[in-house]
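The block underneath contains the structure these notes are about, expressed in C-alpha cells.
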Amino acid sequence: MAELHLLATWIGILGGFVSGAVLGLFFHDEKWLGGYGSWSRRMARLGHISFFGIAFINLAFALSLQALEITLPNPWPSWLFLAGAVTMPLVCFLSAWKKNFRHCFPVPVACLLCAALLFLWKGVLS
C-alpha cells in the first residue's frame with residue numbers, strides 16, 4: 001500500500017509541475033481568466049497547488065505506514081486519500097471553468113477528512 005501512495009505522490013508532483021507550467025504561460029496577462037483576483041484564476045491556482053499539497057499528504061501516509069509499521073485492517077483510508085488526490089484538483093479546475101462545480105467541493109474534502117480520521121483511529125491510535 002505504501003508503494004501505491006509513493007507513486008501517487010510523484011504523480012501529484014508531476015501534475016503540479018505540468019499545471020504550473022501551463023498556468024505560467026499566461027500569468028503575464030493581467031486580464032487572463034478575468035484578472036488576478038477573479039474566481040476563475042483563484043480556482044486555477046488552487047487546483048495547481050492542490051496537486052502538491054495532496055501529494056505531500058500521500059507521502060506522509062506512505063511514510064507513516066512504513067515508519068510505524070502499520071497494517072490497516074481495511075483499505076478505506078488508502079482509497080480515500082487517493083480519491084482526494086484525484087478529485088481536489090479536478091473540482092478546482094472544473095470550478096474555474098464553470099462556477100457551479102463549486103458545489104462538488106464536499107466530495108474531495110469528505111474523502112480527505114474521512115481518510116485522515118480513519119487512519120488516525122484505525123491505524124495510528126490503535
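Lettering and numbering for the C-alpha cells are positional, with chains as A, B, ... in the shown order, residues counted from 1 in each chain, and ligands counted from 1 in the shown order.
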Residues of region 27-86 of chain A at most 7 Å from region 106-112 of chain A: nearest atom pair and distance in Å, only C-alpha atoms, as JSON lines:
```
{"residue": "A:Leu80", "atom": "CA", "partner": "A:Cys111", "partner_atom": "CA", "distance": 5.0}
{"residue": "A:Phe81", "atom": "CA", "partner": "A:Leu112", "partner_atom": "CA", "distance": 5.6}
{"residue": "A:Ala83", "atom": "CA", "partner": "A:Cys111", "partner_atom": "CA", "distance": 6.5}
{"residue": "A:Gly84", "atom": "CA", "partner": "A:Pro108", "partner_atom": "CA", "distance": 4.7}
```
Dump C-alpha atoms for the selected residues as an mmCIF file, in the first residue's frame?
```cif
data_model
loop_
_atom_site.group_PDB
_atom_site.id
_atom_site.type_symbol
_atom_site.label_atom_id
_atom_site.label_comp_id
_atom_site.auth_asym_id
_atom_site.auth_seq_id
_atom_site.Cartn_x
_atom_site.Cartn_y
_atom_site.Cartn_z
ATOM 1 C CA LEU A 80 -9.958 7.882 0.300
ATOM 2 C CA PHE A 81 -6.551 9.598 0.224
ATOM 3 C CA ALA A 83 -9.706 9.751 -4.231
ATOM 4 C CA GLY A 84 -8.920 13.102 -2.627
#
```
What's the 9 Å shell around Trp76 (chain A), counting only C-alpha atoms, without same-chain residues fewer than 6 positions away, as a short mmCIF file (atom, residue, chain, number, x, y, z; two decimals) with N, CA, C and O atoms, in the first residue's frame?
```cif
data_model
loop_
_atom_site.label_atom_id
_atom_site.label_comp_id
_atom_site.auth_asym_id
_atom_site.auth_seq_id
_atom_site.Cartn_x
_atom_site.Cartn_y
_atom_site.Cartn_z
N CYS A 114 -12.27 12.05 5.98
CA CYS A 114 -12.55 10.67 6.43
C CYS A 114 -11.30 9.81 6.40
O CYS A 114 -11.08 9.00 7.30
N ALA A 115 -10.47 10.00 5.38
CA ALA A 115 -9.22 9.24 5.30
C ALA A 115 -8.34 9.52 6.52
O ALA A 115 -7.81 8.60 7.15
N LEU A 118 -9.99 8.05 9.75
CA LEU A 118 -9.88 6.59 9.78
C LEU A 118 -8.44 6.13 10.03
O LEU A 118 -8.20 5.18 10.77
N PHE A 119 -7.50 6.83 9.39
CA PHE A 119 -6.09 6.45 9.58
C PHE A 119 -5.66 6.68 11.02
O PHE A 119 -4.98 5.84 11.61
#
```
Quick one: everything within 10 Å of Leu14 (chain A), counting only C-alpha atoms, minus sequence neighbours fewer than 6 positions away in the same chain. Send it as a tab-separated table (two decimals) with all heavy atoms, in the first residue's frame.
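Once written, out17.tsv looks like this:
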```tsv
chain	number	residue	atom	x	y	z
A	8	ALA	N	1.49	7.78	-6.11
A	8	ALA	CA	0.53	8.89	-6.13
A	8	ALA	C	1.21	10.21	-5.80
A	8	ALA	O	0.87	11.26	-6.36
A	8	ALA	CB	-0.61	8.62	-5.16
A	20	GLY	N	1.37	24.00	-13.34
A	20	GLY	CA	2.08	25.26	-13.12
A	20	GLY	C	2.70	25.79	-14.40
A	20	GLY	O	2.69	26.99	-14.65
A	51	PHE	N	-2.39	19.89	-6.22
A	51	PHE	CA	-1.60	18.73	-6.65
A	51	PHE	C	-0.44	18.50	-5.68
A	51	PHE	O	-0.21	17.37	-5.23
A	51	PHE	CB	-1.01	18.96	-8.05
A	51	PHE	CG	-1.92	18.61	-9.19
A	51	PHE	CD1	-2.34	19.58	-10.08
A	51	PHE	CD2	-2.34	17.30	-9.39
A	51	PHE	CE1	-3.16	19.27	-11.15
A	51	PHE	CE2	-3.16	16.96	-10.46
A	51	PHE	CZ	-3.57	17.96	-11.34
A	52	PHE	N	0.29	19.57	-5.35
A	52	PHE	CA	1.43	19.44	-4.45
A	52	PHE	C	0.99	19.12	-3.02
A	52	PHE	O	1.55	18.23	-2.39
A	52	PHE	CB	2.25	20.74	-4.43
A	52	PHE	CG	2.98	21.02	-5.70
A	52	PHE	CD1	2.62	22.10	-6.49
A	52	PHE	CD2	4.03	20.22	-6.11
A	52	PHE	CE1	3.29	22.37	-7.66
A	52	PHE	CE2	4.71	20.47	-7.29
A	52	PHE	CZ	4.34	21.56	-8.06
A	55	ALA	N	-0.25	15.63	-2.69
A	55	ALA	CA	0.89	14.72	-2.91
A	55	ALA	C	1.67	14.54	-1.61
A	55	ALA	O	2.05	13.42	-1.25
A	55	ALA	CB	1.80	15.25	-4.01
```
| field | Counting only C-alpha atoms, the option among A:Leu65, A:Ala60, A:Ala44, A:Ala85 closest to Phe27 (chain A) | value | A:Ala44
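Here CA of Leu68 (chain A) is placed at a distance of 23.7 Å from CA of Gly12 (chain A).
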| query | Would you give me, as a ChimeraX atom specification, the residues in region 34-93 of chain A that DSSP reads as alpha helix (DSSP H)? | reply | /A:39-67,76-93
| query | Which value, in Å to one decimal, gives the distance between CA of Lys122 (chain A) and CA of Ala2 (chain A)? | reply |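 Computing the Euclidean distance for CA of Lys122 (chain A) and CA of Ala2 (chain A) yields 16.1 Å.
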| task | Please measure the separation of CA of Phe26 (chain A) and CA of Arg41 (chain A), giving the value in Å to one decimal. | result | 10.7 Å
| Who sits within 12 Å of Val124 (chain A), only C-alpha atoms, same chain under 5 positions skipped, as JSON, numbers by chain | {"A": [61, 64, 65, 66, 67, 68, 69, 70, 71, 72, 73, 77, 116, 117, 118, 119]}
| said: I want to know what sits within 12 Å of Leu33 (chain A), based on only C-alpha atoms, with residues of the same chain fewer than 6 positions away left out; could you give that as a VMD selection string? | reply: chain A and resid 23 26 to 27 39 to 45 93 96 to 98
| task | Return the single residue from A:Leu82, A:Leu120, A:Met88, A:Met1 that is closest to Asn58 (chain A), with distances computed using only C-alpha atoms. | result |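 Looking at the shortest contact to Asn58 (chain A), the residue is A:Leu82.
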| task | Tell me, as a list in words, which residues lie within 7 Å of Pro89 (chain A), counting only C-alpha atoms; anything in the same chain fewer than 5 positions away does not count. | result |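 My list of contacting residues is Gly47, His48, Ser50 and Phe51 of chain A.
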| query | Which of these residues is nearest to His5 (chain A), using only C-alpha atoms: A:Leu59, A:Leu94, A:Ala21, A:Leu46? | reply |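 Ranked by minimum distance to His5 (chain A), first place goes to A:Leu59.
Compared by their closest atoms to Ile13 (chain A), and using only C-alpha atoms, the residues A:Leu113, A:Ile57, A:Leu25, A:Cys92 rank with A:Ile57 nearest.
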